[in-house]
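Participant: My structure is below; once you've seen it, I'll send some questions.
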Amino acid sequence: MSDVAVGLDVGGTKALALLVSRDGEILDELRSSTPHDAQEPAGVATAKVLVSQIETLAQRHGLDPVTLPIGIGMPGMVRRDGRLAFAPNLHSASGASFPELLHDLLGACAVHMENDGNCAALAEFAWGAGQGIDNFVMVTLGTGIGGGIIANGELVRGQNGFGGEIGHMAVEARGALCGCGGQGCWERYASGGGLARLTTQWASEGRLPTLTSRRGSAANVSGEDVTRAASEGLDEAVALMNEVAWWLARGLANLVAILDTGHFVIGGGLSVAADLLLPPARDYLADLVFGYAKRPQIVVTTSRLTVHAGALGAAKVALDRQP
Ligand SMILES: [Zn+2]
């Protein structure tokens, strides 16, 4: 039984590969960009990038890729058999079976798949901000919202393995269109992508006059402009961050109602703006959570494993699922 595993976190733009020990120590790290090559069969271009990462790590540490446990976290619906059923932000890989592809390309025999948000939740549960907390929800604020639910000390995988897709919970019944084909999904309001969308909307409505004049036109104002200006105290930017915080709290309140969870771990790219988002979001929870006054204090904290959470969790999956 191997005491190290490779954890791969495959996002819409980049793939992070870590070599991880059984106690969660990161022994090595590689980063590559993710191809979006629709010319090749589903997932082949992505799989080739992963193969090269695994080969490099295996060579550097004298490991055999055939027997090395490999875990892959993917942004999308990952079936229990390891096939990626649907990936709204990685269309070229939708339908691919990465365990089969890595077996064909590399001879790898110990490849395990899990949704990337679920991976992050497992890593935070084992080694991060969720350590020792049997009921918490990992919320990853990136281009979309990923997530993983730990309930009664177990990851909620659901009937097919698709559990924890909290970003596609509708928070506005006839709201903004989503990459999943739905409408009003939480990730269109409270993620980095949601901030970008709201920024464009607010700028076009004339609600970001200072930023619009600084950037020359409404179309040039970005989500990063808003977070930067908000941290400097510009009122219109603070107001927009408060709007995003309200939407964040709206979704968290729904999760509290369903799961009776009292603890949230917030990660992903937008969590760099946690100082702007989390204090107002905590205040909004008081209005939005069902029976708020009758509950213990709801904790909303940031990820401790940050950018490594997904890949660490993928490695944990591979180590735990070794035969
Ligand atoms: Zn959606």
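Letters for chains follow the order of the structure tokens (A, B, ...), residue numbers begin at 1 for each chain, and ligand numbers begin at 1 in the order shown.
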Can I get the residues close to ligand 1 as a list of chain:residue names, where close means within 6 Å and we count only C-alpha atoms and all ligand atoms?
Facilitator: A:His168, A:Cys178, A:Gly179, A:Cys180, A:Gly182, A:Cys185
Participant: Emit the selected residues as a PDB file, in the first residue's frame, including C-alpha atoms.
Facilitator:
```
ATOM      1  CA  HIS A 168     -26.633  25.267  -9.116  1.00  0.00           C
ATOM      2  CA  CYS A 178     -26.303  29.790 -16.087  1.00  0.00           C
ATOM      3  CA  GLY A 179     -23.755  27.676 -17.983  1.00  0.00           C
ATOM      4  CA  CYS A 180     -25.631  24.578 -16.803  1.00  0.00           C
ATOM      5  CA  GLY A 182     -30.600  26.651 -15.776  1.00  0.00           C
ATOM      6  CA  CYS A 185     -28.294  29.534 -10.041  1.00  0.00           C
TER       7      CYS A 185
END
```
Participant: Can you tell me, as a PyMOL selection string, which residues in segment 21-140 of chain A count as strand (DSSP E or B) by DSSP?
Facilitator: chain A and resi 21+26-33+70-74+77-78+83-86+97+111-115+136-140
Participant: So, with only C-alpha atoms as the atoms that count, which of A:Leu90, A:Met74, A:Leu270, A:Ala38 lies closest to Thr13 of chain A?
Facilitator: A:Leu90
Participant: Using only C-alpha atoms, determine which residues lie at most 8 Å from Gly267 of chain A, disregarding the query and same-chain residues fewer than 3 positions distant; provide the list as a ChimeraX atom specification.
Facilitator: /A:138-141,270-271,302-303,306
Participant: With only C-alpha atoms as the atoms that count, which of A:Glu165, A:Glu232, A:Glu243, A:Asp320 lies nearest to Leu195 of chain A?
Facilitator: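 With only C-alpha atoms as the atom set, the closest residue is A:Glu243.
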Participant: Run DSSP on the backbone and tell me which residues of segment 87-314 of chain A come out as helix (DSSP H, G or I); list them as a VMD selection string.
Facilitator: chain A and resid 91 to 93 98 to 106 116 to 127 166 to 168 187 to 190 192 to 204 209 to 215 218 to 220 223 to 231 235 to 259 269 to 288 292 to 294 306 to 314
Participant: Take the residues just selected and output them with C-alpha atoms as a compact mmCIF listing (two decimals), in the first residue's frame.
Facilitator:
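The new file selection30.txt reads:
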```
# COMPACT_ATOMS: atom_id res chain seq x y z
CA HIS A 91 -16.96 21.15 -22.14
CA SER A 92 -14.16 19.44 -24.06
CA ALA A 93 -13.85 16.84 -21.28
CA PHE A 98 -10.24 9.60 -17.00
CA PRO A 99 -9.45 6.29 -15.27
CA GLU A 100 -9.70 4.63 -18.73
CA LEU A 101 -7.74 7.40 -20.50
CA LEU A 102 -4.91 7.34 -17.94
CA HIS A 103 -4.82 3.57 -18.12
CA ASP A 104 -4.50 3.69 -21.92
CA LEU A 105 -1.94 6.50 -22.00
CA LEU A 106 0.17 5.65 -18.95
CA ASP A 116 -13.41 19.09 -7.16
CA GLY A 117 -15.61 20.74 -4.53
CA ASN A 118 -16.06 17.39 -2.80
CA CYS A 119 -12.27 16.97 -2.86
CA ALA A 120 -11.79 20.37 -1.23
CA ALA A 121 -14.31 19.48 1.48
CA LEU A 122 -12.53 16.19 2.21
CA ALA A 123 -9.16 17.95 2.47
CA GLU A 124 -10.44 20.70 4.77
CA PHE A 125 -12.15 17.99 6.87
CA ALA A 126 -8.93 15.99 7.19
CA TRP A 127 -6.28 18.70 7.39
CA ILE A 166 -24.53 23.80 -4.36
CA GLY A 167 -23.65 26.38 -7.04
CA HIS A 168 -26.63 25.27 -9.12
CA GLU A 187 -23.10 30.80 -8.77
CA ARG A 188 -24.42 33.51 -11.11
CA TYR A 189 -24.70 35.84 -8.08
CA ALA A 190 -22.15 35.01 -5.39
CA GLY A 192 -16.15 35.54 -8.99
CA GLY A 193 -18.20 35.09 -12.17
CA GLY A 194 -21.25 36.46 -10.37
CA LEU A 195 -19.28 39.51 -9.25
CA ALA A 196 -18.16 40.05 -12.86
CA ARG A 197 -21.73 39.74 -14.12
CA LEU A 198 -23.10 42.13 -11.49
CA THR A 199 -20.24 44.56 -12.20
CA THR A 200 -21.16 44.69 -15.89
CA GLN A 201 -24.81 45.13 -15.01
CA TRP A 202 -24.22 47.86 -12.41
CA ALA A 203 -21.77 49.74 -14.65
CA SER A 204 -24.20 49.70 -17.59
CA PRO A 209 -19.81 56.18 -11.97
CA THR A 210 -16.38 56.64 -10.39
CA LEU A 211 -15.01 53.31 -11.64
CA THR A 212 -16.54 53.90 -15.09
CA SER A 213 -14.81 57.26 -15.41
CA ARG A 214 -11.52 55.80 -14.11
CA ARG A 215 -11.62 52.97 -16.68
CA ALA A 218 -18.66 51.00 -18.36
CA ALA A 219 -17.60 47.93 -20.38
CA ASN A 220 -14.02 48.18 -19.05
CA GLY A 223 -14.74 42.54 -10.84
CA GLU A 224 -11.10 43.06 -9.78
CA ASP A 225 -11.58 46.85 -10.12
CA VAL A 226 -14.53 46.54 -7.76
CA THR A 227 -12.74 44.46 -5.10
CA ARG A 228 -9.71 46.76 -5.22
CA ALA A 229 -11.79 49.93 -4.95
CA ALA A 230 -13.95 48.40 -2.21
CA SER A 231 -10.85 47.63 -0.13
CA ASP A 235 -18.75 53.66 -1.63
CA GLU A 236 -20.13 52.37 -4.95
CA ALA A 237 -17.70 49.41 -4.88
CA VAL A 238 -18.48 48.63 -1.23
CA ALA A 239 -22.19 48.67 -2.13
CA LEU A 240 -21.63 46.10 -4.89
CA MET A 241 -19.56 43.85 -2.60
CA ASN A 242 -22.39 44.06 -0.06
CA GLU A 243 -24.77 42.95 -2.80
CA VAL A 244 -22.57 39.91 -3.54
CA ALA A 245 -22.36 39.25 0.22
CA TRP A 246 -26.17 39.28 0.42
CA TRP A 247 -26.39 36.67 -2.33
CA LEU A 248 -23.72 34.62 -0.59
CA ALA A 249 -25.75 34.73 2.62
CA ARG A 250 -28.95 33.88 0.68
CA GLY A 251 -27.45 30.58 -0.46
CA LEU A 252 -25.85 29.80 2.91
CA ALA A 253 -29.23 30.35 4.58
CA ASN A 254 -30.82 27.82 2.21
CA LEU A 255 -28.14 25.29 3.12
CA VAL A 256 -28.71 25.90 6.83
CA ALA A 257 -32.44 25.27 6.37
CA ILE A 258 -31.86 21.97 4.56
CA LEU A 259 -28.85 20.56 6.38
CA GLY A 269 -10.39 32.72 -5.91
CA LEU A 270 -12.95 35.19 -4.62
CA SER A 271 -12.10 34.29 -1.02
CA VAL A 272 -9.18 36.75 -1.35
CA ALA A 273 -11.96 39.31 -0.88
CA ALA A 274 -13.15 37.54 2.31
CA ASP A 275 -12.56 40.64 4.44
CA LEU A 276 -15.05 42.50 2.25
CA LEU A 277 -17.59 39.67 1.84
CA LEU A 278 -17.76 37.68 5.04
CA PRO A 279 -18.52 40.36 7.66
CA PRO A 280 -21.62 41.65 5.79
CA ALA A 281 -22.62 38.08 4.83
CA ARG A 282 -22.58 37.08 8.52
CA ASP A 283 -24.85 40.06 9.30
CA TYR A 284 -27.27 39.16 6.50
CA LEU A 285 -27.54 35.60 7.83
CA ALA A 286 -29.36 36.96 10.88
CA ASP A 287 -32.20 38.10 8.59
CA LEU A 288 -32.13 35.22 6.14
CA TYR A 292 -31.66 32.19 13.40
CA ALA A 293 -32.18 33.30 17.03
CA LYS A 294 -32.85 29.73 18.16
CA THR A 306 -6.55 27.68 -0.02
CA VAL A 307 -5.37 26.89 -3.59
CA HIS A 308 -4.18 23.41 -2.57
CA ALA A 309 -7.50 22.19 -1.12
CA GLY A 310 -8.83 20.48 -4.25
CA ALA A 311 -5.61 18.65 -5.16
CA LEU A 312 -4.98 17.64 -1.53
CA GLY A 313 -8.49 16.20 -1.37
CA ALA A 314 -8.00 14.35 -4.65
```
Participant: Need to verify the contact set: Pro35 of chain A, 10 Å, only C-alpha atoms, exclusion of same-chain residues closer than 5 positions in sequence. Can you return it as a PyMOL selection string?
Facilitator: chain A and resi 12-15+43-49+90+92-93
Participant: Please dump the current selection as a PDB file, in the first residue's frame; keep N, CA and C atoms.
Facilitator:
```
ATOM      1  N   GLY A  12     -11.061  24.925 -15.001  1.00  0.00           N
ATOM      2  CA  GLY A  12     -11.370  25.379 -16.350  1.00  0.00           C
ATOM      3  C   GLY A  12     -10.173  25.998 -17.045  1.00  0.00           C
ATOM      4  N   THR A  13      -9.200  26.526 -16.285  1.00  0.00           N
ATOM      5  CA  THR A  13      -8.039  27.181 -16.905  1.00  0.00           C
ATOM      6  C   THR A  13      -6.713  26.524 -16.561  1.00  0.00           C
ATOM      7  N   LYS A  14      -6.605  25.885 -15.388  1.00  0.00           N
ATOM      8  CA  LYS A  14      -5.315  25.263 -15.063  1.00  0.00           C
ATOM      9  C   LYS A  14      -5.489  23.972 -14.271  1.00  0.00           C
ATOM     10  N   ALA A  15      -4.434  23.163 -14.328  1.00  0.00           N
ATOM     11  CA  ALA A  15      -4.415  21.906 -13.591  1.00  0.00           C
ATOM     12  C   ALA A  15      -3.259  21.942 -12.601  1.00  0.00           C
ATOM     13  N   GLY A  43     -11.861  14.744 -23.592  1.00  0.00           N
ATOM     14  CA  GLY A  43     -10.931  14.592 -22.478  1.00  0.00           C
ATOM     15  C   GLY A  43      -9.514  14.200 -22.849  1.00  0.00           C
ATOM     16  N   VAL A  44      -9.245  13.833 -24.110  1.00  0.00           N
ATOM     17  CA  VAL A  44      -7.915  13.320 -24.460  1.00  0.00           C
ATOM     18  C   VAL A  44      -6.842  14.399 -24.270  1.00  0.00           C
ATOM     19  N   ALA A  45      -7.133  15.627 -24.733  1.00  0.00           N
ATOM     20  CA  ALA A  45      -6.150  16.704 -24.590  1.00  0.00           C
ATOM     21  C   ALA A  45      -5.864  16.975 -23.116  1.00  0.00           C
ATOM     22  N   THR A  46      -6.909  16.986 -22.301  1.00  0.00           N
ATOM     23  CA  THR A  46      -6.736  17.187 -20.854  1.00  0.00           C
ATOM     24  C   THR A  46      -5.941  16.032 -20.254  1.00  0.00           C
ATOM     25  N   ALA A  47      -6.289  14.807 -20.642  1.00  0.00           N
ATOM     26  CA  ALA A  47      -5.619  13.631 -20.086  1.00  0.00           C
ATOM     27  C   ALA A  47      -4.122  13.658 -20.391  1.00  0.00           C
ATOM     28  N   LYS A  48      -3.750  14.145 -21.581  1.00  0.00           N
ATOM     29  CA  LYS A  48      -2.329  14.200 -21.946  1.00  0.00           C
ATOM     30  C   LYS A  48      -1.562  15.135 -21.013  1.00  0.00           C
ATOM     31  N   VAL A  49      -2.185  16.244 -20.640  1.00  0.00           N
ATOM     32  CA  VAL A  49      -1.552  17.174 -19.693  1.00  0.00           C
ATOM     33  C   VAL A  49      -1.358  16.488 -18.339  1.00  0.00           C
ATOM     34  N   LEU A  90     -15.851  22.952 -18.560  1.00  0.00           N
ATOM     35  CA  LEU A  90     -14.780  22.187 -19.206  1.00  0.00           C
ATOM     36  C   LEU A  90     -15.439  21.258 -20.236  1.00  0.00           C
ATOM     37  N   SER A  92     -14.905  20.379 -23.220  1.00  0.00           N
ATOM     38  CA  SER A  92     -14.162  19.439 -24.059  1.00  0.00           C
ATOM     39  C   SER A  92     -13.911  18.110 -23.348  1.00  0.00           C
ATOM     40  N   ALA A  93     -14.099  18.075 -22.022  1.00  0.00           N
ATOM     41  CA  ALA A  93     -13.848  16.835 -21.279  1.00  0.00           C
ATOM     42  C   ALA A  93     -15.133  16.136 -20.856  1.00  0.00           C
TER      43      ALA A  93
END
```
